[in-house]
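Asker: Sharing entry.txt below, compact mmCIF, C-alpha atoms:
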# COMPACT_ATOMS: atom_id res chain seq x y z
CA THR A 268 -16.82 -11.37 6.70
CA GLU A 269 -14.14 -14.06 6.67
CA GLN A 270 -14.95 -14.96 3.07
CA LYS A 271 -14.88 -11.29 2.11
CA ALA A 272 -11.46 -10.95 3.77
CA LYS A 273 -10.16 -13.87 1.71
CA TYR A 274 -11.48 -12.32 -1.49
CA LEU A 275 -9.87 -8.99 -0.63
CA LEU A 276 -6.54 -10.73 -0.07
CA LEU A 277 -6.93 -12.50 -3.41
CA ILE A 278 -7.57 -9.14 -5.10
CA SER A 279 -4.48 -7.81 -3.34
CA LYS A 280 -2.39 -10.67 -4.71
CA ILE A 281 -3.67 -10.01 -8.23
CA TYR A 282 -2.71 -6.33 -7.96
CA TYR A 283 0.74 -7.39 -6.74
CA ARG A 284 1.57 -10.33 -8.94
CA ASP A 285 -0.29 -9.62 -12.17
CA LEU A 286 -0.90 -5.88 -12.33
CA ARG A 287 2.18 -4.69 -10.41
CA ASN A 288 0.13 -1.97 -8.73
CA PHE A 289 1.69 -1.97 -5.28
CA PRO A 290 -0.37 0.83 -3.67
CA LYS A 291 -3.66 -0.85 -4.60
CA SER A 292 -2.33 -4.22 -3.50
CA ARG A 293 -1.47 -2.77 -0.08
CA LYS A 294 -4.90 -1.15 0.18
CA TYR A 295 -6.71 -4.44 -0.40
CA ALA A 296 -4.40 -6.33 1.94
CA LEU A 297 -5.08 -3.81 4.70
CA ASP A 298 -8.81 -4.05 4.01
CA ALA A 299 -8.57 -7.83 4.33
CA ALA A 300 -6.65 -7.57 7.60
CA ALA A 301 -9.26 -5.20 8.99
CA LEU A 302 -12.01 -7.75 8.39
CA LYS A 303 -10.25 -10.73 9.91
CA SER A 304 -8.32 -10.10 13.11
CA GLY A 305 -5.39 -12.29 14.07
CA TRP A 306 -4.51 -12.97 10.43
CA GLY A 307 -0.89 -12.52 9.49
CA GLU A 308 -1.08 -13.31 5.78
CA PRO A 309 -2.04 -9.78 4.65
CA TYR A 310 0.96 -8.36 6.52
CA LEU A 311 3.27 -10.98 5.01
CA LEU A 312 2.08 -9.84 1.59
CA ILE A 313 2.60 -6.16 2.39
CA GLY A 314 6.10 -6.99 3.61
CA ASN A 315 6.76 -8.71 0.28
CA LEU A 316 5.44 -5.65 -1.54
CA TYR A 317 7.86 -3.44 0.35
CA ALA A 318 10.81 -5.80 -0.03
CA SER A 319 10.35 -6.00 -3.79
CA SER A 320 10.16 -2.21 -4.12
CA GLY A 321 13.91 -1.65 -4.31
CA PRO A 322 13.91 -1.18 -8.10
CA LEU A 323 10.78 1.01 -7.89
CA CYS A 324 12.17 3.28 -5.18
CA GLY A 325 15.77 3.38 -6.35
CA THR A 326 18.13 1.78 -8.79
CA GLY A 327 17.73 -1.66 -7.27
CA ARG A 328 20.94 -1.15 -5.32
CA GLY A 329 22.04 1.55 -2.94
CA TRP A 330 20.37 3.57 -0.22
CA GLU A 331 16.90 4.16 -1.68
CA SER A 332 16.58 0.49 -2.55
CA GLN A 333 17.93 -0.70 0.80
CA VAL A 334 15.69 1.29 3.15
CA VAL A 335 12.56 -0.46 1.84
CA THR A 336 13.70 -3.54 3.76
CA TRP A 337 13.05 -1.71 7.03
CA THR A 338 9.37 -1.30 6.25
CA ALA A 339 9.20 -4.88 5.00
CA ILE A 340 10.61 -6.13 8.29
CA ASP A 341 8.06 -4.00 10.14
CA MET A 342 5.24 -5.77 8.30
CA TRP A 343 6.70 -9.26 8.74
CA THR A 344 7.14 -8.56 12.46
CA LYS A 345 3.52 -7.41 12.63
CA ALA A 346 2.42 -10.58 10.85
CA LYS A 347 4.04 -12.84 13.42
CA ASN A 348 2.82 -10.67 16.31
CA VAL A 349 -0.84 -10.85 15.24
CA ASP A 350 -0.70 -14.45 14.01
CA PRO A 351 1.73 -16.96 15.57
CA LYS A 352 1.08 -19.29 12.60
CA SER A 353 2.86 -16.72 10.41
CA ALA A 354 5.99 -16.66 12.57
CA ASN A 355 8.03 -19.26 10.66
CA GLU A 356 7.49 -17.60 7.29
CA ALA A 357 7.97 -14.11 8.75
CA ASN A 358 11.23 -15.10 10.47
CA ALA A 359 12.55 -16.71 7.29
CA LEU A 360 11.81 -13.54 5.31
CA ILE A 361 13.37 -11.31 7.96
CA ASN A 362 16.52 -13.43 7.98
CA ARG A 363 16.72 -13.49 4.18
CA TYR A 364 16.31 -9.73 3.75
CA ARG A 365 18.49 -8.64 6.66
CA GLN A 366 21.52 -8.82 4.36
CA TYR A 367 20.04 -6.13 2.10
CA MET A 368 19.83 -3.49 4.82
CA PRO A 369 22.36 -0.65 4.88
CA THR A 370 25.55 -1.10 6.90
CA ARG A 371 26.53 0.91 9.98
CA GLU A 372 28.94 2.79 7.76
CA ASP A 373 26.11 3.70 5.34
CA ILE A 374 23.98 5.20 8.07
CA PHE A 375 26.97 6.90 9.74
CA PHE A 376 27.78 8.82 6.56
CA ARG A 377 24.18 10.02 6.42
CA ASN A 378 24.26 11.17 10.07
CA ILE A 379 21.60 8.63 11.00
CA SER A 380 21.65 6.42 14.08
CA ALA A 381 20.47 2.84 14.36
CA GLY A 382 17.16 2.78 16.17
CA SER A 383 16.14 6.27 15.06
CA SER A 384 13.05 7.00 13.05
CA TYR A 385 13.26 7.23 9.26
CA TYR A 386 10.62 8.13 6.68
CA VAL A 387 10.65 5.90 3.60
CA PRO A 388 9.44 7.89 0.57
CA CYS A 389 8.46 6.49 -2.82
CA TRP A 390 5.04 4.83 -2.87
CA ILE A 391 5.56 3.34 0.61
CA GLN A 392 5.43 6.65 2.52
CA GLU A 393 5.81 5.21 6.01
CA SER A 394 8.02 5.86 9.00
CA THR A 395 10.15 3.02 10.27
CA ILE A 396 13.12 2.27 12.51
CA VAL A 397 16.68 2.42 11.18
CA ARG A 398 18.39 -0.99 11.23
CA THR A 399 21.71 -2.18 9.86
CA SER A 400 22.86 -5.41 8.30
CA ASP A 401 25.87 -5.65 10.63
As structure tokens, what does this structure read like?

Answerer:
Amino acid sequence: TEQKAKYLLLISKIYYRDLRNFPKSRKYALDAAALKSGWGEPYLLIGNLYASSGPLCGTGRGWESQVVTWTAIDMWTKAKNVDPKSANEANALINRYRQYMPTREDIFFRNISAGSSYYVPCWIQESTIVRTSD
């Protein structure tokens, strides 16, 4: 099963990097994670999928492109929680992408509160927690 999990993650990376099919990449990464418990790498990859979805889910700038960072941070946090060996990479990614989150002013004008739940549409289609860059 461990070898199968590694192959599934490799397939996931091919769908991400070469085919740019993010939903299929996520599916294979989740399948890999299900086969090998305590493995953070699939969640790191899913976080990268989400973080690079700004241009897919919006213009590449602005609200729709910024909220994808929340789901990315969720995945990177999950990676370091299930696999302490992933913590350094996950923390580096979280720190790098924190600057791309909306500001307090952005969420205020949308009548949203930090810490509240928010549904990210586009291909991601997941609920997350509202966070700000400041």

Asker: With all atoms listed in the file as the basis for distance, which of A:Thr370, A:Gln270, A:Ser380, A:Ser279 is at the shortest distance from Leu311 of chain A?

Answerer: A:Ser279

Asker: So that I can see what lies close to Leu277 of chain A, please list as a ChimeraX atom specification the residues with an atom at most 9 Å from it, counting all atoms listed in the file and leaving out residues fewer than 4 positions away in the same chain.

Answerer: /A:272-273,281-282,295-296

Asker: Separation of atom CA of Ala299 of chain A and atom CA of Thr336 of chain A, in Å?

Answerer: 22.7 Å

Asker: Smallest atom-to-atom distance to Tyr274 of chain A: which of A:Pro351, A:Glu356, A:Tyr367, A:Pro309, using only C-alpha atoms?

Answerer: A:Pro309

Asker: If you measure from atom CA of Gly325 of chain A to atom CA of Cys389 of chain A, what distance in Å do you get, rounded to one decimal?

Answerer: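 For atom CA of Gly325 of chain A relative to atom CA of Cys389 of chain A, the distance reads 8.7 Å.
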
Asker: Which distance in Å separates atom CA of Ser400 of chain A and atom CA of Arg365 of chain A, to one decimal?

Answerer: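 Answer for the atom CA of Ser400 of chain A to atom CA of Arg365 of chain A separation: 5.7 Å.
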
Asker: Would you pick out the contacts of segment 318-321 of chain A at 8 Å or less, using all atoms listed in the file, so that residues sharing its chain but fewer than 4 positions from it are not included, and give the list as an mmCIF file with C-alpha atoms, keeping the file's coordinate frame?

Answerer:
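Dumped everything to selection.cif:
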data_model
loop_
_atom_site.group_PDB
_atom_site.id
_atom_site.type_symbol
_atom_site.label_atom_id
_atom_site.label_comp_id
_atom_site.auth_asym_id
_atom_site.auth_seq_id
_atom_site.Cartn_x
_atom_site.Cartn_y
_atom_site.Cartn_z
ATOM 1 C CA GLY A 314 6.100 -6.990 3.610
ATOM 2 C CA GLY A 325 15.770 3.380 -6.350
ATOM 3 C CA THR A 326 18.130 1.780 -8.790
ATOM 4 C CA GLY A 327 17.730 -1.660 -7.270
ATOM 5 C CA ARG A 328 20.940 -1.150 -5.320
ATOM 6 C CA GLU A 331 16.900 4.160 -1.680
ATOM 7 C CA SER A 332 16.580 0.490 -2.550
ATOM 8 C CA GLN A 333 17.930 -0.700 0.800
ATOM 9 C CA VAL A 335 12.560 -0.460 1.840
ATOM 10 C CA THR A 336 13.700 -3.540 3.760
ATOM 11 C CA THR A 338 9.370 -1.300 6.250
ATOM 12 C CA ALA A 339 9.200 -4.880 5.000
ATOM 13 C CA TYR A 364 16.310 -9.730 3.750
#

Asker: Would you kindly return, as a list in words, each protein, DNA or RNA residue with an atom no farther than 7 Å from any atom of Arg398 of chain A, considering only C-alpha atoms and excluding same-chain residues fewer than 4 positions away?

Answerer: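 Neighbouring residues, sequence-local ones excluded: Trp337, Ala381 and Gly382 of chain A.
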
Asker: Nearest to Ile278 of chain A among A:Lys347, A:Asp341, A:Gly307, A:Leu312, with distances taken over only C-alpha atoms: which residue is it?

Answerer: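 For Ile278 of chain A, the nearest of the given residues is A:Leu312.
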